[in-house]
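Raw upload.cif, mmCIF, C-alpha atoms:
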```
data_upload
loop_
_atom_site.label_atom_id
_atom_site.label_comp_id
_atom_site.auth_asym_id
_atom_site.auth_seq_id
_atom_site.Cartn_x
_atom_site.Cartn_y
_atom_site.Cartn_z
CA MET G 239 -21.63 -27.66 -48.78
CA THR G 240 -22.88 -24.79 -46.68
CA PRO G 241 -22.81 -21.42 -48.34
CA THR G 242 -19.84 -20.01 -46.52
CA GLU G 243 -17.46 -22.96 -46.89
CA GLY G 244 -16.39 -22.22 -50.44
CA ARG G 245 -14.12 -19.19 -50.70
CA SER G 246 -13.17 -19.41 -54.35
CA ALA G 247 -14.73 -16.89 -56.69
CA TRP G 248 -18.07 -17.98 -58.10
CA ARG G 249 -18.62 -16.07 -61.30
CA CYS G 250 -22.10 -15.70 -62.68
CA ASN G 251 -24.21 -13.34 -64.74
CA ALA G 252 -27.67 -12.44 -63.57
CA PHE G 253 -30.03 -9.52 -64.04
CA GLY G 254 -27.46 -7.79 -66.25
CA ILE G 255 -24.62 -7.70 -63.74
CA ASP G 256 -21.55 -9.90 -63.32
CA VAL G 257 -21.65 -11.49 -59.91
CA HIS G 258 -18.36 -12.47 -58.27
CA ALA G 259 -19.24 -14.37 -55.16
CA GLY G 260 -17.02 -15.69 -52.40
CA PHE G 261 -19.25 -18.74 -52.04
CA PRO G 262 -21.21 -20.96 -54.43
CA ILE G 263 -24.60 -19.76 -55.54
CA PRO G 264 -25.81 -22.94 -57.22
CA GLU G 265 -28.83 -21.55 -59.03
CA LEU G 266 -26.94 -18.77 -60.77
CA PRO G 267 -25.70 -19.78 -64.21
CA ALA G 268 -21.92 -19.79 -64.52
CA GLY G 269 -20.92 -16.58 -66.25
CA ARG G 270 -18.28 -15.19 -68.54
CA GLU G 271 -16.49 -11.88 -68.13
CA SER G 272 -18.59 -9.24 -69.80
CA ARG G 273 -18.96 -5.50 -69.98
CA ASN G 274 -21.77 -5.69 -67.43
CA PRO G 275 -21.38 -3.83 -64.16
CA ARG G 276 -19.88 -6.06 -61.47
CA SER G 277 -21.11 -6.81 -57.98
CA ALA G 278 -18.98 -8.69 -55.46
CA VAL G 279 -20.78 -10.88 -52.95
CA GLU G 280 -18.82 -11.63 -49.78
CA PRO G 281 -19.75 -13.88 -46.89
CA ALA G 282 -20.20 -12.34 -43.45
CA SER G 283 -21.80 -13.26 -40.16
CA ALA G 284 -25.17 -11.88 -39.15
CA ALA G 285 -23.57 -10.34 -36.05
CA GLU G 286 -21.00 -8.49 -38.18
CA LEU G 287 -23.68 -7.07 -40.45
CA GLN G 288 -25.87 -6.01 -37.56
CA ARG G 289 -22.88 -4.30 -35.92
CA GLU G 290 -21.95 -2.49 -39.10
CA TRP G 291 -25.40 -1.23 -39.93
CA PRO G 292 -25.78 2.32 -38.57
CA ALA G 293 -28.10 2.71 -35.62
CA ARG G 294 -29.21 6.16 -36.75
CA GLY G 295 -30.12 7.88 -39.98
CA THR G 296 -31.80 4.84 -41.48
CA GLU G 297 -35.15 4.70 -43.17
CA ARG G 298 -37.29 1.60 -43.62
CA PHE G 299 -38.18 1.47 -47.31
CA LEU G 300 -40.07 -1.78 -47.33
CA GLU G 301 -41.60 -4.09 -44.77
CA ARG G 302 -43.63 -7.21 -45.36
CA VAL G 303 -45.29 -9.09 -42.54
CA HIS G 304 -47.03 -12.42 -42.23
CA PRO G 305 -50.77 -12.43 -41.46
CA ASN G 306 -49.87 -13.12 -37.80
CA GLY G 307 -47.85 -9.90 -37.70
CA ARG G 308 -44.44 -11.59 -37.73
CA LEU G 309 -41.83 -9.89 -39.92
CA MET G 310 -41.41 -11.50 -43.31
CA MET G 311 -38.84 -9.16 -44.81
CA ALA G 312 -37.54 -5.64 -44.41
CA VAL G 313 -35.39 -3.26 -46.43
CA GLU G 314 -33.71 -0.31 -44.78
CA HIS G 315 -31.72 2.49 -46.35
CA HIS G 316 -28.93 4.72 -45.17
CA ASP G 317 -27.45 7.41 -47.41
CA ASP G 318 -23.85 6.27 -46.91
CA ALA G 319 -24.13 2.65 -45.78
CA GLY G 320 -26.54 1.62 -48.53
CA PHE G 321 -29.21 -0.99 -47.95
CA HIS G 322 -29.90 -3.58 -45.29
CA ILE G 323 -32.14 -6.44 -46.38
CA TRP G 324 -33.14 -9.25 -44.10
CA ALA G 325 -35.76 -11.91 -43.76
CA PRO G 326 -35.90 -14.36 -40.84
CA TYR G 327 -34.73 -17.81 -41.99
CA TYR G 328 -33.66 -16.46 -45.41
CA GLY G 329 -30.62 -14.38 -44.56
CA ARG G 330 -29.30 -10.89 -44.02
CA HIS G 331 -27.48 -8.70 -46.55
CA LEU G 332 -25.84 -5.30 -46.75
CA VAL G 333 -25.77 -3.80 -50.24
CA SER G 334 -23.47 -0.83 -50.80
CA ALA G 335 -25.07 2.37 -52.03
CA ASP G 336 -23.63 1.85 -55.51
CA GLY G 337 -24.57 -1.84 -55.67
CA ALA G 338 -20.96 -2.95 -56.23
CA LEU G 339 -20.57 -4.81 -52.93
CA ILE G 340 -22.93 -7.19 -51.19
CA ARG G 341 -22.10 -8.76 -47.83
CA SER G 342 -24.25 -11.73 -47.01
CA ALA G 343 -25.00 -13.73 -43.89
CA LEU G 344 -26.77 -16.89 -44.89
CA PRO G 345 -28.62 -19.44 -42.77
CA ALA G 346 -27.43 -23.06 -42.76
CA VAL G 347 -30.27 -24.37 -44.88
CA ALA G 348 -30.51 -25.72 -48.41
CA PRO G 349 -29.18 -23.03 -50.79
CA TRP G 350 -32.43 -22.68 -52.74
CA ARG G 351 -34.08 -21.37 -49.58
CA TRP G 352 -31.67 -18.46 -49.02
CA GLU G 353 -31.39 -17.98 -52.78
CA ARG G 354 -35.04 -16.94 -52.83
CA LEU G 355 -34.22 -13.72 -50.94
CA LEU G 356 -30.97 -13.25 -52.83
CA PHE G 357 -32.69 -13.49 -56.23
CA ALA G 358 -35.93 -11.77 -55.35
CA GLN G 359 -34.46 -8.73 -53.61
CA VAL G 360 -30.70 -8.53 -53.13
CA LEU G 361 -29.23 -9.06 -56.59
CA PRO G 362 -32.06 -7.15 -58.32
CA LEU G 363 -31.38 -4.22 -56.00
CA ALA G 364 -27.66 -4.35 -56.80
CA ALA G 365 -28.50 -4.47 -60.52
CA ALA G 366 -30.84 -1.50 -60.22
CA LEU G 367 -28.25 0.49 -58.28
CA GLN G 368 -25.80 -0.26 -61.09
CA GLY G 369 -28.18 1.22 -63.65
CA ARG G 370 -30.19 -1.77 -64.83
CA GLN G 371 -33.91 -1.26 -65.34
CA LEU G 372 -35.98 -3.95 -63.66
CA PHE G 373 -39.56 -4.87 -64.41
CA HIS G 374 -41.87 -7.09 -62.42
CA ALA G 375 -42.15 -9.68 -65.18
CA SER G 376 -41.29 -13.24 -66.15
CA ALA G 377 -39.88 -14.16 -69.54
CA VAL G 378 -39.02 -17.15 -71.70
CA SER G 379 -37.16 -17.62 -74.94
CA LEU G 380 -39.26 -18.60 -77.95
CA GLY G 381 -37.56 -18.99 -81.29
CA GLY G 382 -34.41 -17.19 -80.22
CA ALA G 383 -36.07 -14.08 -78.79
CA ALA G 384 -37.67 -13.31 -75.46
CA VAL G 385 -41.34 -12.85 -74.71
CA ALA G 386 -42.19 -11.38 -71.34
CA PHE G 387 -45.25 -11.36 -69.09
CA ALA G 388 -46.12 -8.45 -66.83
CA GLY G 389 -49.14 -7.90 -64.64
CA LEU G 390 -50.27 -7.54 -61.09
CA SER G 391 -49.05 -9.93 -58.42
CA GLY G 392 -50.91 -13.20 -58.73
CA ALA G 393 -51.91 -12.54 -62.34
CA GLY G 394 -50.08 -15.66 -63.53
CA LYS G 395 -46.76 -14.44 -64.91
CA SER G 396 -44.71 -17.26 -63.41
CA SER G 397 -47.32 -19.92 -64.18
CA ILE G 398 -47.52 -19.05 -67.86
CA ALA G 399 -43.73 -18.94 -68.11
CA ALA G 400 -43.51 -22.34 -66.36
CA HIS G 401 -46.01 -23.90 -68.75
CA LEU G 402 -44.10 -22.50 -71.71
CA VAL G 403 -40.91 -24.04 -70.30
CA ALA G 404 -42.78 -27.32 -69.87
CA ARG G 405 -43.72 -27.06 -73.55
CA GLY G 406 -40.07 -26.62 -74.59
CA ALA G 407 -39.21 -22.92 -74.17
CA SER G 408 -36.14 -21.85 -72.18
CA LEU G 409 -36.49 -19.75 -69.07
CA VAL G 410 -35.13 -16.21 -69.19
CA THR G 411 -36.27 -15.11 -65.77
CA ASP G 412 -38.93 -15.72 -63.16
CA ASP G 413 -40.51 -12.56 -61.75
CA VAL G 414 -37.61 -10.08 -62.20
CA LEU G 415 -36.81 -8.88 -65.71
CA SER G 416 -33.68 -6.82 -66.33
CA LEU G 417 -33.98 -4.62 -69.42
CA GLU G 418 -31.46 -2.70 -71.42
CA ARG G 419 -32.17 -0.26 -74.23
CA THR G 420 -30.53 -0.91 -77.56
CA ARG G 421 -30.64 1.09 -80.75
CA ARG G 422 -33.24 -1.16 -82.33
CA GLY G 423 -35.23 -2.25 -79.34
CA VAL G 424 -34.80 -3.73 -75.91
CA THR G 425 -32.52 -6.51 -74.69
CA VAL G 426 -33.38 -8.62 -71.68
CA HIS G 427 -30.87 -10.27 -69.37
CA PRO G 428 -31.29 -13.74 -67.89
CA GLY G 429 -32.13 -14.03 -64.21
CA SER G 430 -31.46 -16.99 -61.97
CA ARG G 431 -32.26 -20.66 -62.58
CA LEU G 432 -34.61 -20.77 -59.62
CA ALA G 433 -38.21 -21.11 -60.73
CA GLY G 434 -41.18 -21.52 -58.43
CA VAL G 435 -44.27 -23.34 -59.65
CA LEU G 436 -47.61 -23.64 -57.86
CA GLN G 437 -48.65 -27.17 -56.96
CA HIS G 438 -51.85 -27.13 -59.06
CA GLU G 439 -49.91 -25.88 -62.08
CA LEU G 440 -47.46 -28.75 -61.70
CA ALA G 441 -50.34 -31.19 -61.50
CA ALA G 442 -51.67 -29.83 -64.77
CA MET G 443 -48.42 -30.56 -66.61
CA SER G 444 -47.50 -33.76 -68.37
CA ALA G 445 -44.72 -35.89 -66.88
CA SER G 446 -42.39 -34.85 -69.70
CA GLY G 447 -43.33 -31.22 -69.12
CA ARG G 448 -42.43 -31.48 -65.44
CA LEU G 449 -39.07 -32.97 -66.41
CA ARG G 450 -38.37 -29.97 -68.63
CA LEU G 451 -38.68 -27.67 -65.61
CA GLY G 452 -35.36 -29.00 -64.36
CA THR G 453 -34.17 -30.49 -61.10
CA ARG G 454 -36.65 -30.32 -58.26
CA LEU G 455 -35.04 -28.51 -55.32
CA GLY G 456 -37.79 -28.49 -52.73
CA ALA G 457 -41.17 -27.13 -51.81
CA ALA G 458 -42.49 -24.27 -49.73
CA ASP G 459 -45.31 -22.00 -50.92
CA LYS G 460 -44.40 -23.29 -54.39
CA THR G 461 -42.29 -26.14 -55.68
CA TYR G 462 -38.88 -24.86 -56.71
CA PHE G 463 -36.82 -26.07 -59.66
CA ALA G 464 -33.36 -25.40 -61.02
CA ALA G 465 -34.42 -24.63 -64.56
CA SER G 466 -32.25 -24.30 -67.60
CA VAL G 467 -31.91 -20.61 -68.44
CA VAL G 468 -30.73 -18.95 -71.61
CA ASP G 469 -26.99 -18.32 -71.58
CA GLY G 470 -27.02 -14.64 -72.50
CA PRO G 471 -29.06 -11.53 -73.29
CA LEU G 472 -31.86 -11.78 -75.84
CA PRO G 473 -33.85 -9.24 -77.83
CA LEU G 474 -37.33 -8.70 -76.42
CA ARG G 475 -39.82 -9.67 -79.11
CA ALA G 476 -43.04 -8.92 -77.25
CA LEU G 477 -44.43 -8.01 -73.86
CA TYR G 478 -47.77 -9.45 -72.78
CA TYR G 479 -49.62 -7.59 -70.08
CA ILE G 480 -51.87 -10.03 -68.24
CA ALA G 481 -55.41 -8.92 -67.47
CA ARG G 482 -57.88 -11.18 -65.65
CA VAL G 483 -61.27 -10.73 -67.32
CA ARG G 484 -64.80 -12.12 -67.19
CA SER G 485 -64.97 -13.16 -70.83
CA ASP G 486 -65.18 -16.77 -71.96
CA SER G 487 -62.06 -16.99 -74.04
CA ILE G 488 -58.39 -16.16 -73.96
CA GLU G 489 -57.78 -13.11 -76.10
CA ILE G 490 -54.65 -11.29 -77.18
CA GLY G 491 -54.92 -7.75 -78.53
CA PRO G 492 -53.26 -4.35 -78.39
CA SER G 493 -52.61 -3.12 -74.87
CA GLY G 494 -54.36 0.00 -73.61
CA SER G 495 -53.15 2.27 -70.79
CA LEU G 496 -49.63 1.55 -71.90
CA PRO G 497 -47.59 4.23 -70.09
CA SER G 498 -49.24 3.67 -66.73
CA ARG G 499 -48.93 -0.10 -67.06
CA LEU G 500 -45.27 0.06 -67.95
CA LEU G 501 -44.46 2.69 -65.34
CA GLY G 502 -46.31 0.62 -62.76
CA SER G 503 -44.24 -2.46 -63.57
CA ALA G 504 -41.06 -1.19 -61.92
CA PHE G 505 -39.70 -4.02 -59.79
CA ILE G 506 -37.97 -1.98 -57.10
CA ALA G 507 -40.46 0.78 -56.59
CA TYR G 508 -38.72 2.16 -53.50
CA LEU G 509 -35.79 3.50 -55.55
CA ARG G 510 -37.09 7.02 -56.15
CA SER G 511 -33.99 9.05 -56.88
CA PRO G 512 -34.29 11.41 -59.87
CA ARG G 513 -31.84 9.26 -61.84
CA HIS G 514 -33.85 6.08 -61.28
CA LEU G 515 -37.18 7.75 -62.03
CA VAL G 516 -35.98 9.34 -65.26
CA ASP G 517 -34.19 6.18 -66.39
CA HIS G 518 -37.34 4.16 -65.77
CA LEU G 519 -39.46 6.64 -67.69
CA ASP G 520 -36.98 6.56 -70.57
CA VAL G 521 -36.86 2.77 -70.78
CA CYS G 522 -40.67 2.62 -70.68
CA MET G 523 -40.89 5.12 -73.53
CA HIS G 524 -38.29 3.22 -75.53
CA LEU G 525 -40.02 -0.09 -74.87
CA ALA G 526 -43.40 1.33 -75.91
CA ALA G 527 -41.88 2.66 -79.13
CA THR G 528 -39.88 -0.40 -80.14
CA VAL G 529 -41.50 -3.54 -78.70
CA PRO G 530 -45.04 -4.75 -79.38
CA VAL G 531 -47.05 -4.80 -76.16
CA PHE G 532 -50.20 -6.89 -76.03
CA GLU G 533 -52.98 -7.35 -73.57
CA LEU G 534 -53.36 -11.00 -72.68
CA SER G 535 -56.93 -11.33 -71.43
CA ILE G 536 -57.45 -14.45 -69.34
CA PRO G 537 -60.83 -15.59 -68.05
CA ALA G 538 -60.99 -16.97 -64.51
CA THR G 539 -61.73 -20.47 -65.81
CA ALA G 540 -58.75 -20.66 -68.18
CA GLN G 541 -55.92 -23.09 -67.51
CA SER G 542 -52.39 -21.67 -67.60
CA GLY G 543 -51.39 -24.44 -70.01
CA ASP G 544 -54.01 -23.23 -72.49
CA VAL G 545 -52.83 -19.65 -72.04
CA ALA G 546 -49.25 -20.78 -72.73
CA HIS G 547 -50.43 -22.52 -75.89
CA ALA G 548 -52.23 -19.35 -77.04
CA VAL G 549 -49.14 -17.24 -76.39
CA GLU G 550 -46.95 -19.72 -78.24
CA ARG G 551 -49.18 -19.50 -81.32
CA HIS G 552 -49.44 -15.72 -81.12
CA ALA G 553 -45.69 -15.21 -80.65
CA SER G 554 -44.98 -17.39 -83.67
CA THR G 555 -46.82 -14.86 -85.83
CA LEU G 556 -44.54 -12.01 -84.76
CA SER G 557 -41.67 -11.49 -87.12
CA GLY G 558 -38.22 -10.44 -85.98
CA ALA G 559 -37.21 -9.10 -82.64
CA GLY G 560 -38.65 -5.77 -81.73
CA ARG G 561 -40.10 -3.52 -84.41
CA MET I 30 -67.21 33.48 -61.63
CA ALA I 31 -65.73 37.00 -61.57
CA ARG I 32 -62.68 35.54 -59.84
CA ARG I 33 -62.27 32.90 -62.57
CA ARG I 34 -62.48 35.56 -65.33
CA ARG I 35 -59.80 37.62 -63.62
CA ASP I 36 -57.50 34.55 -63.32
CA ASP I 37 -57.99 33.71 -66.96
CA GLY I 38 -57.16 37.31 -67.95
CA GLN I 39 -53.95 37.16 -65.94
CA LEU I 40 -53.14 33.78 -67.37
CA LEU I 41 -53.52 34.79 -70.99
CA GLY I 42 -50.82 37.40 -70.59
CA ALA I 43 -48.54 35.01 -68.68
CA THR I 44 -45.76 32.75 -69.90
CA ALA I 45 -45.09 29.23 -68.68
CA ARG I 46 -41.90 27.39 -67.88
CA VAL I 47 -41.27 23.75 -67.05
CA PRO I 48 -39.08 23.72 -63.92
CA GLN I 49 -35.92 21.65 -63.67
CA HIS I 50 -37.53 19.11 -61.37
CA VAL I 51 -40.04 18.18 -64.05
CA VAL I 52 -39.36 15.98 -67.08
CA HIS I 53 -41.79 14.75 -69.68
CA ARG I 54 -41.75 12.13 -72.40
CA SER I 55 -44.11 11.49 -75.27
CA PHE I 56 -45.67 8.08 -75.80
CA ALA I 57 -47.85 7.25 -78.81
CA HIS I 58 -51.11 8.38 -77.23
CA GLU I 59 -50.04 10.04 -74.02
CA THR I 60 -47.48 12.41 -72.60
CA VAL I 61 -46.11 11.41 -69.23
CA VAL I 62 -44.95 14.20 -66.95
CA LEU I 63 -42.72 13.27 -64.03
CA ASN I 64 -42.37 15.48 -60.98
CA LEU I 65 -39.00 14.54 -59.53
CA LYS I 66 -39.75 16.28 -56.25
CA THR I 67 -42.69 14.04 -55.53
CA GLY I 68 -41.81 11.01 -57.66
CA ARG I 69 -45.29 11.15 -59.21
CA TYR I 70 -46.08 10.50 -62.82
CA HIS I 71 -48.92 12.42 -64.50
CA GLY I 72 -50.54 11.47 -67.79
CA LEU I 73 -51.67 13.99 -70.39
CA ASN I 74 -53.85 13.17 -73.36
CA PRO I 75 -52.49 14.08 -76.81
CA THR I 76 -54.19 17.50 -76.85
CA ALA I 77 -52.87 18.43 -73.42
CA GLY I 78 -49.46 17.07 -74.43
CA MET I 79 -49.47 19.36 -77.45
CA MET I 80 -50.47 22.29 -75.24
CA LEU I 81 -47.58 21.54 -72.88
CA ALA I 82 -45.15 21.46 -75.81
CA GLU I 83 -46.44 24.88 -76.91
CA LEU I 84 -46.19 26.25 -73.37
CA GLU I 85 -42.53 25.24 -73.33
CA THR I 86 -41.80 27.60 -76.22
CA GLY I 87 -42.18 30.50 -73.77
CA ALA I 88 -44.85 32.26 -75.81
CA ARG I 89 -47.66 34.08 -74.02
CA ILE I 90 -50.52 31.78 -73.15
CA GLY I 91 -53.01 33.96 -75.05
CA ALA I 92 -50.88 33.70 -78.19
CA ILE I 93 -50.63 29.92 -77.76
CA ALA I 94 -54.41 29.70 -77.41
CA ALA I 95 -54.87 31.69 -80.62
CA LYS I 96 -52.43 29.45 -82.47
CA LEU I 97 -54.09 26.26 -81.21
CA ALA I 98 -57.59 27.59 -81.96
CA GLU I 99 -56.53 28.04 -85.56
CA LEU I 100 -54.88 24.62 -85.65
CA PHE I 101 -57.87 22.82 -84.12
CA GLU I 102 -60.38 25.04 -85.95
CA ARG I 103 -62.18 25.79 -82.70
CA PRO I 104 -63.46 29.08 -81.23
CA PRO I 105 -60.60 30.95 -79.51
CA ALA I 106 -62.62 31.39 -76.31
CA GLU I 107 -63.04 27.63 -76.00
CA ILE I 108 -59.32 26.94 -76.40
CA GLU I 109 -58.45 29.80 -74.04
CA GLN I 110 -60.67 28.22 -71.40
CA ASP I 111 -59.20 24.74 -71.91
CA LEU I 112 -55.63 26.00 -71.93
CA ALA I 113 -56.19 28.13 -68.84
CA ALA I 114 -57.67 25.15 -67.01
CA LEU I 115 -54.70 22.99 -67.99
CA CYS I 116 -52.23 25.66 -66.88
CA LEU I 117 -53.89 26.00 -63.49
CA ASP I 118 -53.93 22.23 -63.05
CA LEU I 119 -50.26 21.88 -64.01
CA LEU I 120 -49.37 24.82 -61.75
CA ARG I 121 -51.25 23.28 -58.83
CA ARG I 122 -49.32 20.04 -59.32
CA GLY I 123 -45.98 21.86 -59.47
CA LEU I 124 -45.43 20.85 -63.09
CA ILE I 125 -45.09 24.36 -64.54
CA GLU I 126 -44.26 27.82 -63.29
CA LEU I 127 -46.13 30.88 -64.56
CA THR I 128 -44.84 34.40 -64.88
CA GLY I 129 -47.40 37.20 -65.28
CA PRO I 130 -47.11 40.16 -67.65
CA ASP I 131 -45.66 42.21 -64.77
CA GLY I 132 -42.81 39.71 -64.33
CA ARG I 133 -44.20 38.31 -61.10
CA SER I 134 -44.74 34.62 -60.66
CA LEU I 135 -48.32 33.43 -60.43
CA GLU I 136 -48.90 31.14 -57.51
CA ALA I 137 -51.22 28.17 -57.45
CA ALA I 138 -54.32 28.66 -55.35
CA GLU I 139 -53.58 25.37 -53.68
CA SER I 140 -51.11 22.59 -54.29
CA ASP I 141 -51.74 18.90 -53.78
CA ASP I 142 -48.55 17.66 -55.32
CA ALA I 143 -45.61 20.00 -54.80
CA ASP I 144 -43.38 19.36 -51.82
#
```
Before anything else, please render the file you have as structure tokens.
Amino acid sequence: MTPTEGRSAWRCNAFGIDVHAGFPIPELPAGRESRNPRSAVEPASAAELQREWPARGTERFLERVHPNGRLMMAVEHHDDAGFHIWAPYYGRHLVSADGALIRSALPAVAPWRWERLLFAQVLPLAAALQGRQLFHASAVSLGGAAVAFAGLSGAGKSSIAAHLVARGASLVTDDVLSLERTRRGVTVHPGSRLAGVLQHELAAMSASGRLRLGTRLGAADKTYFAASVVDGPLPLRALYYIARVRSDSIEIGPSGSLPSRLLGSAFIAYLRSPRHLVDHLDVCMHLAATVPVFELSIPATAQSGDVAHAVERHASTLSGAGR
Amino acid sequence: MARRRRDDGQLLGATARVPQHVVHRSFAHETVVLNLKTGRYHGLNPTAGMMLAELETGARIGAIAAKLAELFERPPAEIEQDLAALCLDLLRRGLIELTGPDGRSLEAAESDDAD
């Protein structure tokens, strides 16, 4: 089925919003009605979206290019029209300024390919516009609570999460973590089922571990799987901030530079309105006060599977969810 | 040097105010100050965070320095110098506004952060 053939509502929860789509989004877990903010996703043609996007008064918030200079992805903003996100071969989307409506033009390729843009940019943006706080982090469920991994791009967040899933944990999210403050701590919302794993990390897993990652969807820069994700929000038990170090052993200890690390982990850094900035500061303060944050020091020679094992042991010593 | 002494003298009689476009939050070992006009976060160590909290009371900077000198058991001149330096830095970054004893606002010598 191509994305635009199905017109019936496709209800899902992801990143802390209820998604009502006019076409199937296979790697979003089926969702129940909840008190989450709702975003509608409607199919459209690329020509329609290009026509509707204002020619003037727009600002390019984000642009990524390939090494050869070709456009990889762009995000534009207009005060009234909202956001225009597109990436050649991955689709084009208009997101309303309040995040409640997304209109999507999708290429006729396997869904997991266009889902990569949808899950990495479009739905997270809609969630952020609807008040969700998003961190650049991956997370898994261990013992009924979530543990999350933050760090710079390429630090190994997704790889550690994948190895933990291969060892029996459930995926909460890959790369985009939606947080919500609660009275006692922080709750995290599941993301999509799409998980990307580097080829050498896959090779390091046992056959049974690879099976636990879920159905293999295809390969590009990574191999993509439809993983099994948790079916609802979880309390955040711990956050591990990944630091690549020169030492000989994997070490887990208290995290230094906490405010700057947390503040620097915002997923959609181009949202700079006073409301977003203050909300992000508040959730960082609340997280720092209620959730243990550790520095996960990883030497260059360490295998992600060994890191996952160390995290598993460390997390098992933490009692309760939050503090 | 003479210029610095004159600034400090003006400062000690001044009062500070955190403008509406600035918010701050206290973490365990750091106070984070956010300038909403620029979108920049600024980190203050615990001592500077305590000084900012005192500045927010609206007391004269000289009186705050005297209070903190007693609290920290340090010579008043040392705390006056530290507090004056902090005030000038916060002012330069657009994070506080200062009003002199004559009711006039004190301007930053230069600003690298305010819009």
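You will find CA of Gln541 (chain G) at 28.7 Å from CA of Leu417 (chain G).
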Local residues around (-36.6, -11.5, -65.4), at most 9 Å away, using all atoms listed in the file, as a PyMOL selection string: chain G and resi 253+372-378+386+410-417+426-430
Just the selected residues (C-alpha atoms), exported as a PDB file, keeping the file's coordinate frame, please.
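Result file result-v7.pdb:
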```pdb
ATOM      1  CA  PHE G 253     -30.030  -9.520 -64.040  1.00  0.00           C
ATOM      2  CA  LEU G 372     -35.980  -3.950 -63.660  1.00  0.00           C
ATOM      3  CA  PHE G 373     -39.560  -4.870 -64.410  1.00  0.00           C
ATOM      4  CA  HIS G 374     -41.870  -7.090 -62.420  1.00  0.00           C
ATOM      5  CA  ALA G 375     -42.150  -9.680 -65.180  1.00  0.00           C
ATOM      6  CA  SER G 376     -41.290 -13.240 -66.150  1.00  0.00           C
ATOM      7  CA  ALA G 377     -39.880 -14.160 -69.540  1.00  0.00           C
ATOM      8  CA  VAL G 378     -39.020 -17.150 -71.700  1.00  0.00           C
ATOM      9  CA  ALA G 386     -42.190 -11.380 -71.340  1.00  0.00           C
ATOM     10  CA  VAL G 410     -35.130 -16.210 -69.190  1.00  0.00           C
ATOM     11  CA  THR G 411     -36.270 -15.110 -65.770  1.00  0.00           C
ATOM     12  CA  ASP G 412     -38.930 -15.720 -63.160  1.00  0.00           C
ATOM     13  CA  ASP G 413     -40.510 -12.560 -61.750  1.00  0.00           C
ATOM     14  CA  VAL G 414     -37.610 -10.080 -62.200  1.00  0.00           C
ATOM     15  CA  LEU G 415     -36.810  -8.880 -65.710  1.00  0.00           C
ATOM     16  CA  SER G 416     -33.680  -6.820 -66.330  1.00  0.00           C
ATOM     17  CA  LEU G 417     -33.980  -4.620 -69.420  1.00  0.00           C
ATOM     18  CA  VAL G 426     -33.380  -8.620 -71.680  1.00  0.00           C
ATOM     19  CA  HIS G 427     -30.870 -10.270 -69.370  1.00  0.00           C
ATOM     20  CA  PRO G 428     -31.290 -13.740 -67.890  1.00  0.00           C
ATOM     21  CA  GLY G 429     -32.130 -14.030 -64.210  1.00  0.00           C
ATOM     22  CA  SER G 430     -31.460 -16.990 -61.970  1.00  0.00           C
TER      23      SER G 430
END
```
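For chain I, the residues within 12 Å of chain G are Gln49, His50, Val51, Val52, His53, Arg54, Ser55, Phe56, Ala57, His58, Glu59, Thr60, Val61, Val62, Leu63, Asn64, Leu65, Lys66, Thr67, Gly68, Arg69, Tyr70, His71, Gly72, Leu73 and Asn74 of chain I, with only C-alpha atoms used to measure distance.
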d(CA of Pro264 (chain G), CA of Gln359 (chain G)) in Å: 17.0 Å
Residue neighbourhood Ala45 (chain I), 10 Å, only C-alpha atoms, exclusion window fewer than 2 positions, as a list in words: Leu40, Ala43, Val47, Pro48, Leu81, Glu83, Leu84, Glu85, Thr86, Gly87, Ala88, Arg89, Ile90, Cys116, Leu120, Ile125, Glu126, Leu127, Thr128, Gly129, Ser134 and Leu135 of chain I
For region 389-397 of chain G, I'd like the enclosing box, axis-aligned and padded by 8 Å on every side, reported as AutoDock Vina command-line options with centre and edge lengths in Å to one decimal.
```
--center_x -48.3 --center_y -13.7 --center_z -61.7 --size_x 23.2 --size_y 28.4 --size_z 22.5
```
Residues selected by the PyMOL selection byres ((chain G and resi 322) around 6), written as a ChimeraX atom specification: /G:313-314,321,323,331-332
Ref. answer, residues at most 7 Å from (-38.0, -0.4, -40.4) with only C-alpha atoms, as a PyMOL selection string: chain G and resi 297-298+301+312+314
Residue IDs satisfying the PyMOL selection byres ((chain I and resi 96) around 12), as JSON, numbers by chain: {"I": [79, 80, 83, 84, 88, 89, 90, 91, 92, 93, 94, 95, 97, 98, 99, 100, 101, 102, 103, 104, 105, 108, 109, 112]}
Near-Asp459 (chain G) list (9 Å; only C-alpha atoms; drop same-chain fewer than 4 positions) as a PyMOL selection string: chain G and resi 434-437
Coordinates-based distance that separates CA of Ser503 (chain G) from CA of Leu363 (chain G) (Å, one decimal):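 For CA of Leu363 (chain G) relative to CA of Ser503 (chain G), the distance reads 15.0 Å.
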Residues matched by the PyMOL selection byres ((chain G and resi 266) around 10) as a list in words: Trp248, Arg249, Cys250, Asn251, Ala252, Val257, Pro262, Ile263, Pro264, Glu265, Pro267, Ala268, Gly269, Glu353, Phe357, Pro428, Gly429, Ser430, Arg431, Leu432, Ala464 and Val467 of chain G
Applying 7 Å and only C-alpha atoms, which residues near Ile255 (chain G) remain after dropping the ones on its own chain fewer than 4 positions away? List them as a PDB file with C-alpha atoms, in the frame of the given file.
```pdb
ATOM      1  CA  ASN G 251     -24.210 -13.340 -64.740  1.00  0.00           C
ATOM      2  CA  ASN G 274     -21.770  -5.690 -67.430  1.00  0.00           C
ATOM      3  CA  PRO G 275     -21.380  -3.830 -64.160  1.00  0.00           C
ATOM      4  CA  ARG G 276     -19.880  -6.060 -61.470  1.00  0.00           C
ATOM      5  CA  SER G 277     -21.110  -6.810 -57.980  1.00  0.00           C
ATOM      6  CA  ALA G 365     -28.500  -4.470 -60.520  1.00  0.00           C
TER       7      ALA G 365
END
```
